[in-house]
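Below is one structure, written out as structure tokens; the observations come after it.
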Amino acid sequence: MAYYPLKINDWIMCYNIDTDVAQESYTFIIYAEYLLFALFVFALVILLFTIYKVNNKHQKRLLEFARIDALTGIKNKETLQNEISTYLKNDSFQQLGALFMIDVDNFKTVNDLNGHVIGDEVLKKLWLNFKRVFYNRGYCRACRW
């Protein structure tokens, strides 16, 4: 039952409406709210998944940067120690292999006399020469620079 004041002599109009008919106008709004909520949740899931993928990609790049020397691009001391330990633990040392450890004598003098910028260039050129000699000429088929 519903009523509506007519504002004439305090009269009120009363009428009966079936419950289904009265709820019909609100049903559309309820369905629209459900649809809007579902779209919001879907967009939120897509956003979270995108953030996860981008974060994962950047984390892999950062880990790769942490494993190499920024100046020369070769693996740093910690990475090499881990790889050598893994290599020796896996019994793969039955194959022939070699490990070069190179000490550049009097390198401190190069830095002291010419500055660190020149010293950095010397290291880069030294690494490029080693790479050219060993890798490009085929002496190192399994090198993992």
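Ordering of the structure tokens sets the chain letters (A, B, ...); residue numbers start at 1 within each chain; ligands are numbered from 1 in the order shown.
Backbone DSSP over chain A yields strand (DSSP E) at Ala2, Tyr3, Tyr4, Pro5, Ile12, Met13, Cys14 and Tyr15 of chain A.
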Dump N, CA, C and O atoms for the selected residues as a PDB file, in the first residue's frame?
ATOM      1  N   ALA A   2       0.529   2.180  -0.789  1.00  0.00           N
ATOM      2  CA  ALA A   2       1.261   3.432  -0.846  1.00  0.00           C
ATOM      3  C   ALA A   2       0.257   4.569  -0.745  1.00  0.00           C
ATOM      4  O   ALA A   2      -0.925   4.402  -1.038  1.00  0.00           O
ATOM      5  N   TYR A   3       0.723   5.683  -0.300  1.00  0.00           N
ATOM      6  CA  TYR A   3      -0.171   6.849  -0.208  1.00  0.00           C
ATOM      7  C   TYR A   3       0.581   8.067  -0.708  1.00  0.00           C
ATOM      8  O   TYR A   3       1.806   8.120  -0.704  1.00  0.00           O
ATOM      9  N   TYR A   4      -0.234   9.049  -1.121  1.00  0.00           N
ATOM     10  CA  TYR A   4       0.329  10.275  -1.656  1.00  0.00           C
ATOM     11  C   TYR A   4      -0.526  11.429  -1.150  1.00  0.00           C
ATOM     12  O   TYR A   4      -1.733  11.471  -1.396  1.00  0.00           O
ATOM     13  N   PRO A   5       0.063  12.381  -0.396  1.00  0.00           N
ATOM     14  CA  PRO A   5      -0.739  13.522   0.083  1.00  0.00           C
ATOM     15  C   PRO A   5      -1.109  14.444  -1.078  1.00  0.00           C
ATOM     16  O   PRO A   5      -0.262  14.825  -1.881  1.00  0.00           O
ATOM     17  N   ILE A  12      -5.599  12.484   1.363  1.00  0.00           N
ATOM     18  CA  ILE A  12      -4.512  11.565   1.008  1.00  0.00           C
ATOM     19  C   ILE A  12      -5.062  10.548   0.020  1.00  0.00           C
ATOM     20  O   ILE A  12      -6.143   9.993   0.232  1.00  0.00           O
ATOM     21  N   MET A  13      -4.315  10.335  -1.041  1.00  0.00           N
ATOM     22  CA  MET A  13      -4.715   9.325  -2.009  1.00  0.00           C
ATOM     23  C   MET A  13      -3.989   8.031  -1.619  1.00  0.00           C
ATOM     24  O   MET A  13      -2.774   8.007  -1.461  1.00  0.00           O
ATOM     25  N   CYS A  14      -4.711   6.966  -1.446  1.00  0.00           N
ATOM     26  CA  CYS A  14      -4.152   5.657  -1.109  1.00  0.00           C
ATOM     27  C   CYS A  14      -4.342   4.726  -2.299  1.00  0.00           C
ATOM     28  O   CYS A  14      -5.372   4.754  -2.961  1.00  0.00           O
ATOM     29  N   TYR A  15      -3.354   3.906  -2.535  1.00  0.00           N
ATOM     30  CA  TYR A  15      -3.461   2.937  -3.623  1.00  0.00           C
ATOM     31  C   TYR A  15      -2.605   1.723  -3.294  1.00  0.00           C
ATOM     32  O   TYR A  15      -1.657   1.795  -2.517  1.00  0.00           O
TER      33      TYR A  15
END
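The residue set within 10 Å of Thr19 in chain A, counting only C-alpha atoms and dropping same-chain residues fewer than 4 places from it, reads Met1, Gln23 and Glu24 of chain A.
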Requested in this report: From a DSSP calculation on the backbone, collect every residue of range 6-118 of chain A in alpha helix (DSSP H) and output the set as a VMD selection string.
Outcome: chain A and resid 19 to 67 77 to 89 107 to 114 116 to 118
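Here CA of Leu63 in chain A stands at a distance of 18.5 Å from CA of Ile84 in chain A.
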